[in-house]
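*Asks:* Below you'll find the structure I mean.
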Protein chains: 4
Amino acid sequence: MVKIGLIGYGYWGPNLVRNFLLQDECRVLQIADNKPEKLALVQKIHPTIAVTSSFDDLVNNTELDAILISTPVFTHFDLAQKALSAGKHVLLEKPMASSSREAEELHELALKKNLVLMVDHTFLYTGAVQKMKELISGKFIGKPLYFDSTRINLGLFQQDINVLWDLAPHDLSIMLHLIHEKPFSVNATGISHTGNQVENIAYMTVNFNSGFIAHFDCSWSSPVKVRSTLIGGDKKMIYYNDLEPTEKIKIYDTGFDHKTDEDKTRILVDYRVGDIYIPKLSNHEALAGVATDFIRAVTQKTTPIADSRLGCEVVKILEASQESIKQKGREVKILN
Amino acid sequence: MVKIGLIGYGYWGPNLVRNFLLQDECRVLQIADNKPEKLALVQKIHPTIAVTSSFDDLVNNTELDAILISTPVFTHFDLAQKALSAGKHVLLEKPMASSSREAEELHELALKKNLVLMVDHTFLYTGAVQKMKELISGKFIGKPLYFDSTRINLGLFQQDINVLWDLAPHDLSIMLHLIHEKPFSVNATGISHTGNQVENIAYMTVNFNSGFIAHFDCSWSSPVKVRSTLIGGDKKMIYYNDLEPTEKIKIYDTGFDHKTDEDKTRILVDYRVGDIYIPKLSNHEALAGVATDFIRAVTQKTTPIADSRLGCEVVKILEASQESIKQKGREVKILN
Amino acid sequence: MVKIGLIGYGYWGPNLVRNFLLQDECRVLQIADNKPEKLALVQKIHPTIAVTSSFDDLVNNTELDAILISTPVFTHFDLAQKALSAGKHVLLEKPMASSSREAEELHELALKKNLVLMVDHTFLYTGAVQKMKELISGKFIGKPLYFDSTRINLGLFQQDINVLWDLAPHDLSIMLHLIHEKPFSVNATGISHTGNQVENIAYMTVNFNSGFIAHFDCSWSSPVKVRSTLIGGDKKMIYYNDLEPTEKIKIYDTGFDHKTDEDKTRILVDYRVGDIYIPKLSNHEALAGVATDFIRAVTQKTTPIADSRLGCEVVKILEASQESIKQKGREVKILN
Amino acid sequence: MVKIGLIGYGYWGPNLVRNFLLQDECRVLQIADNKPEKLALVQKIHPTIAVTSSFDDLVNNTELDAILISTPVFTHFDLAQKALSAGKHVLLEKPMASSSREAEELHELALKKNLVLMVDHTFLYTGAVQKMKELISGKFIGKPLYFDSTRINLGLFQQDINVLWDLAPHDLSIMLHLIHEKPFSVNATGISHTGNQVENIAYMTVNFNSGFIAHFDCSWSSPVKVRSTLIGGDKKMIYYNDLEPTEKIKIYDTGFDHKTDEDKTRILVDYRVGDIYIPKLSNHEALAGVATDFIRAVTQKTTPIADSRLGCEVVKILEASQESIKQKGREVKILN
């Protein structure tokens with residue numbers, strides 16, 4: 001029985017509680033938040049869970065095995081470092097930290113202490129991403145050629161992280177999970193309409209040595225909500241529309257081959273356009289998968305899908321994007 | 001009565017013929033194409049129109065007042081130069097030419113000879129763009145903040161122009177028509193999956209001094225057809241989806257204001273999300289508008305909406321995008 | 001503080017508990033279900049709520065003021081009668097009962113005992129229906145002409161009620177709430193693909209004396225989920241698509257007038273097609289509105305929107321539809 | 001070389017001309033219309049086609065082999081009778097005639113004179129219907145269970161035929177083409193909002209002896225355009241949405257089986273919900289298929305798909321629907 005504490009009962013925290021409550025092998029014992037009205041809400045709905053306004057109470061609570069951290073990014077490093085140092089397993093909201101240095105440090109600390117450090121990249125646990133993983137690993141789409149993602153909506157303007165740091169972690173984690181090649185460099189452009197140098201609209205191209213290309217369009221300022229990704233292979237192509245209630249994945253039996261004509265002067269491209277296939281997806285709640293994977297990692301010493309290695313990779317790309325925006329779109333290499 | 005010849009009876013030529021035939025003040029007298037089967041088709045459907053395989057026949061036909069040029073981009077400069085030199089008014093397919101030097105030269109030649117030189121940026125004549133022009137000119141959306149366009153589909157791979165040259169002219173002409181500020185510089189990235197350095201997927205950010213930003217996502221390799229543009233203002237936002245049969249324009253009564261809080265440390269953004277309004281659009285065929293505007297320019301010496309000045313601006317941005325791709329995404333200034 | 005018991009912790013029960021728990025003026029004290037695993041689930045998530053397998057425990061629990069009944073239709077009459085007889089206020093799932101006689105009897109009993117008897121016609125509490133009520137009451141759409149509803153999906157085949165009894169209560173309650181005229185008669189057709197005379201697909205026309213017409217298409221056997229209603233007026237028309245996440249209501253500024261031409265031989269119809277308008281809707285959870293309305297009715301003696309009078313009207317139309325199907329589609333009058 | 005005349009150059013006539021012009025083995029020689037501006041239009045676009053305001057000129061033109069009749073329904077019988085009597089093959093717009101008696105008489109006359117009489121049920125020649133025909137004939141969907149069609153839009157109110165006569169011929173021809181069982185009876189309801197007893201909204205259930213059921217929802221008064229049909233089988237189900245540009249057919253690997261449980265008291269229904277498959281469709285223009293089928297029937301004595309036998313069946317169902325509306329929705333048998 002894994003005994004759990006949570007810090008941060010804001011937007012996402014209640015979802016974590018609801019899902020961990022339904023896990024067989026765990027109990028949620030304590031919740032910390034600095035807003036009294038949030039703690040009152042916990043007491044009304046879950047009268048048996050203890051509440052506190054002090055994060056240290058969780059760290060010092062020797063009954064707890066693990067702490068879920070659902071707070072703003074800039075707090076992640078301190079909170080996670082304390083929790084790990086106190087010997088607690090940690091589930092951290094995404095993105096993992098504000099810099100690759102911090103992310104790496106947390107990763108090393110967890111390794112040293114032999115504790116689970118998992119990042120809540122929830123999308124990796126959806127039926128849609130699981131199906132795409134299966135298709136791409138099985139070479140079903142052939143050689144991957146591109147990944148083109150759009151995640152735009154009216155979004156809360158953040159104070160300290162720009163729209164890429166806020167939204168792109170979803171898509172970057174999906175891309176890193178699906179595509180085995182390591183990205184090489186980043187170009188990014190964007191704009192801040194509030195004059196505080198925190199971009200509310202930004203675009204990022206991630207370059208790979210093989211000729212694979214990835215692009216990310218992120219905005220807090222779109223009146224239309226879009227969450228879609230195209231993944232093209234030379235044999236098949238996938239359209240992933242997360243806003244569809246059930247038909248999230250469409251697989252197009254479409255591809256193209258090219259050859260040079262006899263006198264070597266022209267490239268001839270052969271298209272193939274065929275049927276479309278919409279696979280049935282598992283419709284479990286993704287966050288339930290996160291909870292299960294975390295509990296299993298804690299109790300059985302398995303490596304979770306969304307481990308801190310992947311969390312670090314996401315942060316490195318974000319860091320490179322920020323540098324590229326600063327350098328007016330120039331190509332910036334991703335740290336190794 | 002304006003007497004018209006056409007060169008190029010391929011994909012777009014028949015549409016030009018059909019629309020000019022329905023104009024009151026013009027007659028289509030002669031069509032040139034280098035494929036005999038195309039000429040046979042003309043003879044079957046329009047037995048009274050003369051056909052020829054030689055473009056020079058059109059240029060030398062003293063009966064003709066104007067020539068419509070609907071051929072690949074790399075032929076535009078030579079054909080248009082000949083036609084203008086022979087004293088013919090010219091309607092040229094988009095993009096106007098393969099380089100800004102050629103485009104400017106044609107523009108100057110037409111000015112000198114006092115002839116109409118119009119570029120077939122058909123989209124400017126749609127009910128949707130006309131309505132957006134009216135809304136944006138009337139300050140209805142407030143201060144324009146961004147333009148974000150996606151135009152992707154399975155497309156014929158061109159040999160000599162990349163996907164931006166092929167598809168972005170539509171969106172660039174719309175942007176230049178709607179937004180009065182002159183763009184300043186371009187960043188572009190892309191990839192060629194055929195190894196011939198002709199990008200089949202490319203992304204372009206167009207930067208403006210005022211803080212307005214425009215982005216263009218173009219692909220010949222998407223299994224899904226998308227033709228949509230978001231135009232955000234600080235008062236209202238427009239979603240333009242050209243694939244909708246009638247409800248192409250959605251206006252969101254959505255905007256945001258920002259202020260700095262008292263102690264100057266935080267930017268506070270106020271959202272407003274309100275109703276949505278879908279205006280009724282004129283549903284005339286856009287190409288009929290092109291034909292009318294061209295005939296009027298010839299007969300009444302008016303300036304067409306899609307004049308060669310706008311055609312040159314489009315080409316300059318495309319040229320800068322190509323240079324940026326070559327320089328791995330670096331910012332490239334647009335020629336004045 | 002209204003003290004509440006619930007019977008039936010199946011599909012809908014947990015939603016009732018969640019919403020009543022969040023109400024200020026009430027507490028959920030006890031839950032009954034005949035499946036032990038459902039009671040175990042209550043104990044895991046809500047360890048402070050008492051559980052029982054016997055409905056009589058609720059009826060005999062003198063601490064309880066009100067009972068929520070979320071069980072199959074055929075049990076409604078007995079359970080509600082017992083609860084009302086024991087002096088408890090009752091919230092009953094829809095449809096209210098299996099026959100108009102039973103529905104009326106419950107209605108009379110509640111009146112006599114001066115207790116609240118409310119039917120959980122949840123849709124009446126959605127932002128979409130509230131907005132349509134406002135528009136139609138305000139004569140915004142002009143004279144109502146038709147109501148055309150489709151509610152189809154893959155649905156659990158019920159044993160004792162057909163698809164109209166299962167699905168049409170939603171749409172009938174909306175229609176009765178929005179349109180003030182009393183319906184006159186019903187035609188219905190349908191088919192049972194399982195051979196047990198319980199129709200899994202059925203169609204119902206509800207006739208009105210004024211020339212208003214309503215139609216309902218219900219199916220448990222559609223692979224596509226549709227939940228939409230068109231409401232036409234002579235001035236404007238409404239399209240209500242409940243599957244849209246936010247843009248559920250579209251108002252078309254479309255209408256038609258007719259007149260007879262001079263020689264009285266032809267009816268001339270004038271169309272007007274104008275803009276479309278999508279109002280912003282309140283996005284509260286409808287079931288929270290149900291809970292609030294019920295608690296208010298209990299504590300302040302107000303009449304809830306979904307009162308037992310409306311519940312009875314719904315059952316009468318369903319009863320007439322069943323008789324019409326039996327009579328091969330013939331018109332059957334609705335009981336007064 | 002089949003020589004063709006056309007009567008009626010209104011909405012549909014120009015499409016017929018355009019498609020027959022492109023056929024190899026035919027020529028369009030003459031067009032009749034009673035509106036001078038329509039004839040002027042012909043002369044502008046097709047200066048080599050003769051025009052006349054008199055239909056008799058076509059009948060008496062001994063050069064003509066066949067006549068295309070694209071005029072209002074009430075004129076069909078007279079015009080087709082004259083044309084057939086004069087020895088011309090005939091292509092008739094749908095519905096074939098105003099009554100089953102007239103339809104049968106034309107059918108008999110063509111048989112007797114050994115002439116082609118074809119009805120322009122264009123939809124039978126679409127890639128979508130061809131694909132469904134292939135799937136249903138091949139037992140791919142199993143035993144057909146239902147056909148549920150919606151065809152609504154703002155439509156021109158007709159003076160002499162109601163909305164079922166105007167719109168349902170499309171869906172009835174598709175149903176008769178796809179489903180081999182003969183329909184047995186009809187129930188229909190509807191309303192006339194103009195007071196001239198010509199229904200502008202109507203609903204029709206078509207009953208079959210086997211337990212298959214078909215339903216048709218037709219309206220001239222919907223602000224939303226819908227053209228969709230669900231066809232359910234016990235193995236698979238088809239959703240046909242004619243408004244989708246390319247993905248018109250979706251095949252759901254969904255079905256259900258039922259059995260009675262051991263003690264014979266309950267029907268148990270087993271659902272199966274699987275993948276979805278969207279076949280690539282031929283995207284030829286349907287009307288080109290009509291033209292080819294007609295020319296082939298004339299030159300090679302083949303039976304066209306949309307023969308006059310099918311045309312008669314459509315009219316019989318429409319006639320029964322009208323009688324059912326008159327009898328307030330009662331079941332009316334279809335003539336044999």
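Lettering and numbering for the structure tokens are positional, with chains as A, B, ... in the shown order, residues counted from 1 in each chain, and ligands counted from 1 in the shown order.
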For chain A against chain C, with a cut-off of 7 Å and counting only C-alpha atoms, what is the closest atom pair and its distance in Å to one decimal for every residue that makes the cut, ordered by chain and number, as CSV?
*Replies:*
```
residue,atom,partner,partner_atom,distance
A:Leu21,CA,C:Ile45,CA,6.6
A:Ile45,CA,C:Leu21,CA,6.6
A:His46,CA,C:His46,CA,6.8
```
*Asks:* Write out, as a Markdown table, each residue of region 163-236 of chain C that has an atom at most 9 Å from region 76-99 of chain C, together with the closest pair of atoms and their distance in Å to one decimal, counting only C-alpha atoms, rows going by chain and rising number.
*Replies:*
```
| residue | atom | partner | partner_atom | distance |
| --- | --- | --- | --- | --- |
| C:Trp165 | CA | C:Pro95 | CA | 7.1 |
| C:Asp166 | CA | C:Pro95 | CA | 7.6 |
| C:Pro169 | CA | C:Pro95 | CA | 6.1 |
| C:His170 | CA | C:Lys94 | CA | 8.3 |
```
*Asks:* Store the residues picked out above in a file with N, CA, C and O atoms, as an mmCIF file, in the first residue's frame.
*Replies:*
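Done, and the output landed in selection-v9.cif:
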```
data_model
loop_
_atom_site.group_PDB
_atom_site.id
_atom_site.type_symbol
_atom_site.label_atom_id
_atom_site.label_comp_id
_atom_site.auth_asym_id
_atom_site.auth_seq_id
_atom_site.Cartn_x
_atom_site.Cartn_y
_atom_site.Cartn_z
ATOM 1 N N TRP C 165 -39.033 5.339 -25.129
ATOM 2 C CA TRP C 165 -39.099 5.531 -23.673
ATOM 3 C C TRP C 165 -37.716 5.828 -23.098
ATOM 4 O O TRP C 165 -37.580 6.551 -22.117
ATOM 5 N N ASP C 166 -36.707 5.258 -23.714
ATOM 6 C CA ASP C 166 -35.350 5.443 -23.191
ATOM 7 C C ASP C 166 -34.761 6.806 -23.561
ATOM 8 O O ASP C 166 -34.206 7.491 -22.712
ATOM 9 N N PRO C 169 -37.446 10.968 -23.796
ATOM 10 C CA PRO C 169 -37.739 11.885 -22.689
ATOM 11 C C PRO C 169 -36.864 13.137 -22.685
ATOM 12 O O PRO C 169 -37.340 14.217 -22.335
ATOM 13 N N HIS C 170 -35.598 12.994 -23.083
ATOM 14 C CA HIS C 170 -34.736 14.177 -23.162
ATOM 15 C C HIS C 170 -35.365 15.232 -24.081
ATOM 16 O O HIS C 170 -35.539 16.381 -23.722
#
```
*Asks:* Residues of region 175-281 of chain D within 12 Å of region 247-255 of chain B: nearest atom pair and distance (Å, one decimal) for each, counting only C-alpha atoms, sorted by chain and number, as a Markdown table?
*Replies:*
```
| residue | atom | partner | partner_atom | distance |
| --- | --- | --- | --- | --- |
| D:Pro223 | CA | B:Glu247 | CA | 11.9 |
| D:Val224 | CA | B:Glu247 | CA | 10.8 |
| D:Lys225 | CA | B:Glu247 | CA | 11.6 |
```
*Asks:* Go ahead and write the selection's residues with N, CA and C atoms as a PDB file, in the first residue's frame.
*Replies:*
```
ATOM      1  N   PRO D 223     -32.361  25.356 -42.027  1.00  0.00           N
ATOM      2  CA  PRO D 223     -31.256  26.280 -42.279  1.00  0.00           C
ATOM      3  C   PRO D 223     -29.931  25.533 -42.475  1.00  0.00           C
ATOM      4  N   VAL D 224     -29.919  24.285 -42.052  1.00  0.00           N
ATOM      5  CA  VAL D 224     -28.715  23.465 -42.136  1.00  0.00           C
ATOM      6  C   VAL D 224     -28.909  22.469 -43.272  1.00  0.00           C
ATOM      7  N   LYS D 225     -27.886  22.295 -44.071  1.00  0.00           N
ATOM      8  CA  LYS D 225     -27.948  21.319 -45.157  1.00  0.00           C
ATOM      9  C   LYS D 225     -27.443  19.974 -44.658  1.00  0.00           C
TER      10      LYS D 225
END
```
*Asks:* Could you pull out the strand (DSSP E) residues of region 207-295 of chain B, going by DSSP on the backbone, and write them as a VMD selection string?
*Replies:* chain B and resid 207 213 to 219 221 to 233 237 to 241 249 to 260 267 to 278
*Asks:* Enumerate, as a PyMOL selection string, the complete set of residues in region 61-296 of chain A that a backbone-based DSSP assignment places in helix (DSSP H, G or I).
*Replies:* chain A and resi 73-85+100-113+122-125+127-137+163-178+286-296
*Asks:* Rank C:Gly274, C:Gly142, C:Gly13, C:Gly190 by their smallest atom-to-atom distance to Ile325 (chain C), using only C-alpha atoms, and report the top residue only.
*Replies:*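 Answer, going by the shortest atom-to-atom distance: C:Gly190.
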*Asks:* What's the 7 Å shell around Pro144 (chain C), counting only C-alpha atoms, without same-chain residues fewer than 4 positions away, as a count of residues only?
*Replies:* 4
*Asks:* Report as a list of chain:residue names all protein, DNA and RNA residues lying within 12 Å of Val226 (chain A), evaluated on only C-alpha atoms, omitting residues in the same chain fewer than 3 positions from it.
*Replies:*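 After dropping sequence-adjacent residues, the list is A:Ser149, A:Thr150, A:Arg151, A:Ile152, A:Asn153, A:Leu154, A:Gly155, A:Leu167, A:Asp217, A:Cys218, A:Ser219, A:Trp220, A:Ser221, A:Ser222, A:Pro223, A:Thr229, A:Tyr240, A:Asn241, A:Asp242, A:Leu243, A:Glu244, B:Ser228, B:Leu230, B:Tyr239.
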*Asks:* Between CA of Phe20 (chain A) and CA of Ala291 (chain A), what distance in Å does the model show, to one decimal?
*Replies:*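 Going from CA of Phe20 (chain A) over to CA of Ala291 (chain A), I get 5.8 Å.
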